[in-house]
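Source file: input.pdb. Holds: PDB, C-alpha atoms and all ligand atoms.
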```pdb
ATOM      1  CA  MET M   1      19.883  -0.353  32.933
ATOM      2  CA  TYR M   2      19.774   2.692  30.670
ATOM      3  CA  VAL M   3      17.950   2.213  27.358
ATOM      4  CA  ALA M   4      18.042   4.909  24.647
ATOM      5  CA  VAL M   5      15.206   4.989  22.098
ATOM      6  CA  GLY M   6      15.732   6.665  18.732
ATOM      7  CA  SER M   7      12.451   8.588  18.656
ATOM      8  CA  LYS M   8      10.360  10.972  20.708
ATOM      9  CA  ASN M   9       7.107   9.509  19.434
ATOM     10  CA  GLN M  10       5.348   8.517  22.666
ATOM     11  CA  THR M  11       3.821   5.378  21.149
ATOM     12  CA  LYS M  12       7.381   4.123  20.687
ATOM     13  CA  VAL M  13       8.946   5.372  23.937
ATOM     14  CA  LYS M  14       6.082   4.086  26.109
ATOM     15  CA  ALA M  15       6.119   0.704  24.379
ATOM     16  CA  VAL M  16       9.838   0.332  25.137
ATOM     17  CA  GLU M  17       9.293   1.459  28.742
ATOM     18  CA  GLU M  18       6.692  -1.237  29.186
ATOM     19  CA  ALA M  19       8.778  -3.925  27.491
ATOM     20  CA  PHE M  20      11.683  -3.193  29.896
ATOM     21  CA  LYS M  21       9.488  -2.773  32.979
ATOM     22  CA  LYS M  22      10.867  -5.798  34.810
ATOM     23  CA  TYR M  23      14.400  -4.376  34.483
ATOM     24  CA  ASP M  24      13.350  -1.124  36.145
ATOM     25  CA  ALA M  25      15.183   0.491  33.235
ATOM     26  CA  LYS M  26      15.648   4.191  32.622
ATOM     27  CA  VAL M  27      14.226   4.686  29.126
ATOM     28  CA  LYS M  28      14.910   7.913  27.249
ATOM     29  CA  GLY M  29      13.570   8.893  23.833
ATOM     30  CA  MET M  30      15.595  11.174  21.578
ATOM     31  CA  ASP M  31      15.346  12.445  18.025
ATOM     32  CA  VAL M  32      17.945  10.820  15.791
ATOM     33  CA  PRO M  33      18.177  10.504  12.008
ATOM     34  CA  SER M  34      16.759   7.287  10.572
ATOM     35  CA  GLY M  35      19.143   7.497   7.603
ATOM     36  CA  VAL M  36      16.382   6.232   5.278
ATOM     37  CA  SER M  37      13.427   7.934   3.539
ATOM     38  CA  GLU M  38      10.771   9.645   5.660
ATOM     39  CA  GLN M  39       8.462   6.988   4.243
ATOM     40  CA  PRO M  40      10.309   3.688   3.965
ATOM     41  CA  PHE M  41       8.926   1.568   1.128
ATOM     42  CA  SER M  42      10.120  -1.960   1.877
ATOM     43  CA  ASP M  43      10.946  -4.277   4.748
ATOM     44  CA  GLU M  44      14.654  -3.854   3.969
ATOM     45  CA  GLU M  45      14.522  -0.068   4.133
ATOM     46  CA  THR M  46      12.397  -0.140   7.281
ATOM     47  CA  ILE M  47      14.782  -2.577   9.001
ATOM     48  CA  GLN M  48      17.712  -0.351   8.037
ATOM     49  CA  GLY M  49      15.908   2.654   9.520
ATOM     50  CA  ALA M  50      15.280   0.784  12.778
ATOM     51  CA  ILE M  51      18.938  -0.292  13.036
ATOM     52  CA  ASN M  52      20.212   3.210  12.214
ATOM     53  CA  ARG M  53      17.967   4.745  14.869
ATOM     54  CA  ALA M  54      19.076   2.179  17.471
ATOM     55  CA  GLN M  55      22.751   2.774  16.688
ATOM     56  CA  ALA M  56      22.424   6.557  16.738
ATOM     57  CA  ALA M  57      20.528   6.453  20.046
ATOM     58  CA  LEU M  58      23.166   4.196  21.598
ATOM     59  CA  GLU M  59      26.097   6.294  20.395
ATOM     60  CA  ASN M  60      24.644   9.642  21.444
ATOM     61  CA  ASN M  61      24.944   8.993  25.155
ATOM     62  CA  ASP M  62      26.057   6.492  27.778
ATOM     63  CA  ALA M  63      23.162   4.051  27.341
ATOM     64  CA  GLU M  64      23.730   0.311  27.549
ATOM     65  CA  LEU M  65      21.176  -0.547  24.852
ATOM     66  CA  GLY M  66      19.834   1.352  21.835
ATOM     67  CA  ILE M  67      16.367   0.657  20.479
ATOM     68  CA  GLY M  68      15.049   1.803  17.091
ATOM     69  CA  LEU M  69      11.450   1.463  15.938
ATOM     70  CA  GLU M  70      10.550   2.336  12.367
ATOM     71  CA  GLY M  71       7.315   2.336  10.423
ATOM     72  CA  GLY M  72       7.073   1.638   6.722
ATOM     73  CA  VAL M  73       5.082  -0.047   3.994
ATOM     74  CA  GLN M  74       5.761  -3.064   1.807
ATOM     75  CA  GLN M  75       4.161  -3.720  -1.570
ATOM     76  CA  THR M  76       2.969  -7.305  -2.064
ATOM     77  CA  LYS M  77       0.907  -9.034  -4.757
ATOM     78  CA  PHE M  78      -2.045  -8.751  -2.367
ATOM     79  CA  GLY M  79      -1.647  -5.007  -1.893
ATOM     80  CA  MET M  80       0.309  -2.554   0.251
ATOM     81  CA  MET M  81       1.007  -3.699   3.796
ATOM     82  CA  LEU M  82       1.836  -1.690   6.855
ATOM     83  CA  CYS M  83       5.134  -2.864   8.271
ATOM     84  CA  ASN M  84       6.896  -1.882  11.461
ATOM     85  CA  TRP M  85      10.334  -3.048  12.510
ATOM     86  CA  GLY M  86      12.382  -2.812  15.669
ATOM     87  CA  ALA M  87      16.105  -3.148  16.358
ATOM     88  CA  LEU M  88      18.094  -3.586  19.566
ATOM     89  CA  VAL M  89      21.744  -2.615  19.434
ATOM     90  CA  GLN M  90      24.446  -3.334  21.990
ATOM     91  CA  TYR M  91      28.170  -2.573  21.710
ATOM     92  CA  GLY M  92      30.168  -5.459  20.282
ATOM     93  CA  LYS M  93      27.141  -7.533  19.248
ATOM     94  CA  SER M  94      25.114  -7.825  16.070
ATOM     95  CA  PRO M  95      21.728  -6.053  16.012
ATOM     96  CA  ILE M  96      18.631  -7.990  17.038
ATOM     97  CA  ILE M  97      15.534  -7.270  14.921
ATOM     98  CA  SER M  98      11.800  -7.974  15.094
ATOM     99  CA  CYS M  99       8.673  -6.923  13.249
ATOM    100  CA  GLY M 100       5.114  -6.093  14.172
ATOM    101  CA  ALA M 101       1.701  -7.197  13.084
ATOM    102  CA  ARG M 102       0.830  -6.424   9.450
ATOM    103  CA  ILE M 103      -2.369  -5.538   7.713
ATOM    104  CA  LEU M 104      -3.206  -4.430   4.192
ATOM    105  CA  LEU M 105      -3.924  -0.745   3.706
ATOM    106  CA  PRO M 106      -7.060   0.386   1.837
ATOM    107  CA  LYS M 107      -6.507   1.030  -1.898
ATOM    108  CA  GLU M 108      -7.160   4.749  -1.475
ATOM    109  CA  ILE M 109      -4.273   5.013   1.007
ATOM    110  CA  GLU M 110      -2.044   2.838  -1.182
ATOM    111  CA  HIS M 111      -2.583   5.095  -4.207
ATOM    112  CA  ARG M 112      -1.659   8.199  -2.232
ATOM    113  CA  LEU M 113       1.529   6.522  -0.945
ATOM    114  CA  ILE M 114       2.499   5.516  -4.497
ATOM    115  CA  VAL M 115       2.308   9.103  -5.721
ATOM    116  CA  GLY M 116       4.668  10.167  -2.960
ATOM    117  CA  GLU M 117       2.606  11.223   0.050
ATOM    118  CA  GLU M 118       3.637  10.137   3.545
ATOM    119  CA  LEU M 119       1.435   7.865   5.623
ATOM    120  CA  GLY M 120       1.324  10.178   8.652
ATOM    121  CA  PRO M 121      -0.211  13.167   6.807
ATOM    122  CA  ILE M 122      -2.408  10.879   4.652
ATOM    123  CA  MET M 123      -3.949   9.340   7.781
ATOM    124  CA  ASP M 124      -4.625  12.737   9.377
ATOM    125  CA  ASP M 125      -6.256  13.987   6.187
ATOM    126  CA  PHE M 126      -8.212  10.738   5.686
ATOM    127  CA  MET M 127      -9.627  10.825   9.241
ATOM    128  CA  LYS M 128      -9.809  14.637   9.585
ATOM    129  CA  LYS M 129      -7.813  14.296  12.811
ATOM    130  CA  THR M 130      -4.357  15.411  13.902
ATOM    131  CA  ASN M 131      -1.229  13.502  14.835
ATOM    132  CA  ILE M 132      -2.655  10.000  14.414
ATOM    133  CA  ARG M 133       0.921   8.709  14.178
ATOM    134  CA  SER M 134       1.446   9.600  17.868
ATOM    135  CA  LYS M 135      -1.901   8.166  18.945
ATOM    136  CA  GLU M 136      -3.710   5.085  17.655
ATOM    137  CA  GLY M 137      -1.800   5.072  14.339
ATOM    138  CA  ALA M 138      -2.934   3.651  11.028
ATOM    139  CA  ILE M 139      -2.985   0.178  12.567
ATOM    140  CA  GLY M 140      -5.379   1.420  15.277
ATOM    141  CA  ILE M 141      -7.668   3.151  12.792
ATOM    142  CA  PHE M 142      -7.920   0.166  10.459
ATOM    143  CA  THR M 143      -8.434  -2.333  13.305
ATOM    144  CA  ASN M 144     -11.283  -0.261  14.727
ATOM    145  CA  GLY M 145      -9.152   0.730  17.720
ATOM    146  CA  LEU M 146      -8.500  -2.861  18.780
ATOM    147  CA  ILE M 147      -4.718  -2.758  18.146
ATOM    148  CA  PRO M 148      -3.371   0.767  18.681
ATOM    149  CA  ARG M 149       0.130   1.677  17.499
ATOM    150  CA  GLN M 150       1.639   1.556  21.019
ATOM    151  CA  GLU M 151       0.384  -1.981  21.559
ATOM    152  CA  MET M 152       1.824  -3.079  18.220
ATOM    153  CA  PHE M 153       5.177  -1.487  19.208
ATOM    154  CA  LEU M 154       4.984  -3.185  22.621
ATOM    155  CA  HIS M 155       4.881  -6.525  20.830
ATOM    156  CA  VAL M 156       7.833  -5.527  18.621
ATOM    157  CA  SER M 157       9.786  -4.335  21.709
ATOM    158  CA  THR M 158       8.970  -7.453  23.716
ATOM    159  CA  LEU M 159      10.223  -9.601  20.822
ATOM    160  CA  LEU M 160      13.501  -7.658  21.077
ATOM    161  CA  VAL M 161      13.753  -8.089  24.864
ATOM    162  CA  GLY M 162      13.028 -11.804  24.599
ATOM    163  CA  GLN M 163      15.711 -12.357  21.959
ATOM    164  CA  TYR M 164      18.161 -10.238  23.986
ATOM    165  CA  GLU M 165      17.510 -12.488  27.013
ATOM    166  CA  TYR M 166      17.884 -15.637  24.927
ATOM    167  CA  ARG M 167      21.243 -14.402  23.635
ATOM    168  CA  ASN M 168      22.409 -13.515  27.149
ATOM    169  CA  ILE M 169      21.503 -16.977  28.422
ATOM    170  CA  ASN M 170      22.612 -19.065  25.461
ATOM    171  CA  GLY M 171      25.275 -16.886  23.902
ATOM    172  CA  LEU M 172      23.913 -17.512  20.430
ATOM    173  CA  GLU M 173      24.078 -14.888  17.697
ATOM    174  CA  THR M 174      20.837 -15.675  15.916
ATOM    175  CA  GLN M 175      20.786 -12.806  13.441
ATOM    176  CA  LEU M 176      22.625 -10.614  10.965
TER     177      LEU M 176
HETATM  178  O1  LIG M 201       8.939  10.568  15.248
HETATM  179  P1  LIG M 201       9.236   9.301  14.543
HETATM  180  O2  LIG M 201       9.976   8.328  15.388
HETATM  181  O3  LIG M 201       9.876   9.484  13.189
HETATM  182  O4  LIG M 201       7.825   8.573  14.349
HETATM  183  P2  LIG M 201       6.832   8.541  13.120
HETATM  184  O5  LIG M 201       5.457   8.575  13.669
HETATM  185  O6  LIG M 201       7.187   9.531  12.065
HETATM  186  O7  LIG M 201       6.996   7.084  12.575
HETATM  187  P3  LIG M 201       8.028   6.480  11.527
HETATM  188  O8  LIG M 201       8.980   7.544  11.092
HETATM  189  O9  LIG M 201       8.561   5.236  12.118
HETATM  190  O10 LIG M 201       7.078   6.061  10.333
HETATM  191  C1  LIG M 201       7.413   6.262   8.975
HETATM  192  C2  LIG M 201       6.336   6.959   8.243
HETATM  193  O11 LIG M 201       5.127   6.268   8.277
HETATM  194  C3  LIG M 201       4.139   6.990   8.993
HETATM  195  N1  LIG M 201       3.474   6.000   9.811
HETATM  196  C4  LIG M 201       3.952   4.791  10.086
HETATM  197  N2  LIG M 201       3.098   4.087  10.798
HETATM  198  C5  LIG M 201       2.048   4.880  10.986
HETATM  199  C6  LIG M 201       0.835   4.730  11.632
HETATM  200  O12 LIG M 201       0.545   3.596  12.273
HETATM  201  N3  LIG M 201      -0.005   5.731  11.622
HETATM  202  C7  LIG M 201       0.287   6.858  10.983
HETATM  203  N4  LIG M 201       1.407   7.077  10.352
HETATM  204  C8  LIG M 201       2.280   6.098  10.355
HETATM  205  C9  LIG M 201       4.888   8.038   9.744
HETATM  206  O13 LIG M 201       4.155   9.199   9.976
HETATM  207  C10 LIG M 201       5.999   8.320   8.778
HETATM  208  O14 LIG M 201       5.520   9.086   7.692
HETATM  209 MG    MG M 202       9.176   9.695  11.184
END
```
Just give me the structure as structure tokens.
Amino acid sequence: MYVAVGSKNQTKVKAVEEAFKKYDAKVKGMDVPSGVSEQPFSDEETIQGAINRAQAALENNDAELGIGLEGGVQQTKFGMMLCNWGALVQYGKSPIISCGARILLPKEIEHRLIVGEELGPIMDDFMKKTNIRSKEGAIGIFTNGLIPRQEMFLHVSTLLVGQYEYRNINGLETQL
């Protein structure tokens, strides 16, 4: 099985590799447009970004499945939450989607997002580190390293694989 991932971020590509391990799949990451803002600001926009990435990855080569993983934030009455969504796309079928664990972001980060900064650069500046988005991620920082970004994306990817298997066995279109 050949699985194309719409990103070169290693936290995403490695998570997909692990989720498809039992299929002995060839997993290839590639840069594709997300078709949404660099910093998605709602679940809906983040889902759309994940689907767009999955579709673009699938169409750009001879893969059997396209996977898109997209990070964003969602404002709630409790504060701004990190949100991450995944999509699995297959020719002739509707996309399968899943989301990852969520936590509230600190107010200081929320305020910077509201005035238009992107989470990736905010996190690097906040921690005085580089490229956090390709390492532990915001979720890793704010969970004291207990849930790094790759692990969160592994959960998202495994939710996609599980739903894909369920559909193959039962033939049910559960979504979209
Ligand atoms: O190369 P791509 O696939 O685009 O990977 P990315 O790290 O930029 O990730 P996303 O585009 O999916 O995330 C959207 C934005 O949110 C940032 N972001 C999302 N989750 C993050 C996290 O856990 N840590 C740091 N930045 C994060 C990211 O840098 C972008 O500005
Ligand atoms: Mg990005």
Checklist outcome for this item: The residue from M:Leu146, M:Ile103, M:Val3, M:Ile132 with the smallest atom-to-atom distance to Asn84 of chain M, counting all atoms listed in the file, is M:Ile103
Item to check | Env. residues ligand MG 202 (chain M) / 8 Å / all atoms listed in the file / as a ChimeraX atom specification | outcome: /M:34,38-39,70-71
Next on the checklist: Starting from the PyMOL selection byres (((chain M and resi 105) around 9) and not hetatm), expand the selection into actual residues of this file and give them as number ranges by chain.
Outcome noted: M: 79-82, 103-104, 106-110, 138-139, 142
Item to check | Spatial neighbours of Gln55 of chain M, 10 Å, all atoms listed in the file, chain gap at least 6 places, as number ranges by chain | outcome: M: 4-6, 32, 34, 49, 65-68, 87-91, 95
Dump as CSV the rows for residues of chain M within 9 Å of ligand LIG 201 (chain M): closest atom pair and distance in Å with one decimal, only C-alpha atoms and all ligand atoms counted, ordered by chain and rising residue number.
```
residue,atom,partner,partner_atom,distance
M:Gly6,CA,M:LIG201,O2,6.9
M:Ser7,CA,M:LIG201,O2,4.1
M:Lys8,CA,M:LIG201,O1,5.7
M:Asn9,CA,M:LIG201,O1,4.7
M:Gln10,CA,M:LIG201,O1,8.5
M:Thr11,CA,M:LIG201,O5,8.3
M:Lys12,CA,M:LIG201,O2,7.2
M:Met30,CA,M:LIG201,O2,8.8
M:Asp31,CA,M:LIG201,O1,7.2
M:Val32,CA,M:LIG201,O2,8.4
M:Pro33,CA,M:LIG201,O3,8.4
M:Ser34,CA,M:LIG201,O3,7.7
M:Ser37,CA,M:LIG201,C1,8.3
M:Glu38,CA,M:LIG201,O14,5.7
M:Gln39,CA,M:LIG201,C2,4.5
M:Pro40,CA,M:LIG201,C1,6.3
M:Thr46,CA,M:LIG201,O9,8.2
M:Gly49,CA,M:LIG201,O9,8.2
M:Ala50,CA,M:LIG201,O9,8.1
M:Arg53,CA,M:LIG201,O2,8.8
M:Gly68,CA,M:LIG201,O2,8.4
M:Leu69,CA,M:LIG201,O9,6.1
M:Glu70,CA,M:LIG201,O9,3.5
M:Gly71,CA,M:LIG201,O9,3.6
M:Gly72,CA,M:LIG201,C1,5.2
M:Val73,CA,M:LIG201,O11,7.6
M:Leu82,CA,M:LIG201,N2,7.1
M:Cys83,CA,M:LIG201,N2,7.7
M:Asn84,CA,M:LIG201,N2,7.1
M:Trp85,CA,M:LIG201,O9,8.5
M:Glu117,CA,M:LIG201,O14,8.5
M:Glu118,CA,M:LIG201,O14,4.7
M:Leu119,CA,M:LIG201,C3,4.4
M:Gly120,CA,M:LIG201,O13,3.3
M:Pro121,CA,M:LIG201,O13,6.7
M:Ile122,CA,M:LIG201,N4,7.8
M:Met123,CA,M:LIG201,C7,5.9
M:Asp124,CA,M:LIG201,C7,7.8
M:Asn131,CA,M:LIG201,C7,7.8
M:Ile132,CA,M:LIG201,C7,5.5
M:Arg133,CA,M:LIG201,C7,3.7
M:Ser134,CA,M:LIG201,O5,5.9
M:Lys135,CA,M:LIG201,N3,7.9
M:Glu136,CA,M:LIG201,O12,7.0
M:Gly137,CA,M:LIG201,N3,3.3
M:Ala138,CA,M:LIG201,N3,3.6
M:Ile139,CA,M:LIG201,O12,4.9
M:Gly140,CA,M:LIG201,O12,7.0
M:Ile141,CA,M:LIG201,N3,8.2
M:Pro148,CA,M:LIG201,O12,8.0
M:Arg149,CA,M:LIG201,O12,5.6
```
Could you dump the residues just selected with C-alpha atoms as a compact mmCIF listing (two decimals), in the coordinates of the input?
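Output contents, as saved in result-v6.txt:
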```txt
# COMPACT_ATOMS: atom_id res chain seq x y z
CA GLY M 6 15.73 6.66 18.73
CA SER M 7 12.45 8.59 18.66
CA LYS M 8 10.36 10.97 20.71
CA ASN M 9 7.11 9.51 19.43
CA GLN M 10 5.35 8.52 22.67
CA THR M 11 3.82 5.38 21.15
CA LYS M 12 7.38 4.12 20.69
CA MET M 30 15.60 11.17 21.58
CA ASP M 31 15.35 12.44 18.02
CA VAL M 32 17.94 10.82 15.79
CA PRO M 33 18.18 10.50 12.01
CA SER M 34 16.76 7.29 10.57
CA SER M 37 13.43 7.93 3.54
CA GLU M 38 10.77 9.64 5.66
CA GLN M 39 8.46 6.99 4.24
CA PRO M 40 10.31 3.69 3.96
CA THR M 46 12.40 -0.14 7.28
CA GLY M 49 15.91 2.65 9.52
CA ALA M 50 15.28 0.78 12.78
CA ARG M 53 17.97 4.74 14.87
CA GLY M 68 15.05 1.80 17.09
CA LEU M 69 11.45 1.46 15.94
CA GLU M 70 10.55 2.34 12.37
CA GLY M 71 7.32 2.34 10.42
CA GLY M 72 7.07 1.64 6.72
CA VAL M 73 5.08 -0.05 3.99
CA LEU M 82 1.84 -1.69 6.86
CA CYS M 83 5.13 -2.86 8.27
CA ASN M 84 6.90 -1.88 11.46
CA TRP M 85 10.33 -3.05 12.51
CA GLU M 117 2.61 11.22 0.05
CA GLU M 118 3.64 10.14 3.54
CA LEU M 119 1.44 7.86 5.62
CA GLY M 120 1.32 10.18 8.65
CA PRO M 121 -0.21 13.17 6.81
CA ILE M 122 -2.41 10.88 4.65
CA MET M 123 -3.95 9.34 7.78
CA ASP M 124 -4.62 12.74 9.38
CA ASN M 131 -1.23 13.50 14.84
CA ILE M 132 -2.66 10.00 14.41
CA ARG M 133 0.92 8.71 14.18
CA SER M 134 1.45 9.60 17.87
CA LYS M 135 -1.90 8.17 18.94
CA GLU M 136 -3.71 5.08 17.66
CA GLY M 137 -1.80 5.07 14.34
CA ALA M 138 -2.93 3.65 11.03
CA ILE M 139 -2.98 0.18 12.57
CA GLY M 140 -5.38 1.42 15.28
CA ILE M 141 -7.67 3.15 12.79
CA PRO M 148 -3.37 0.77 18.68
CA ARG M 149 0.13 1.68 17.50
```
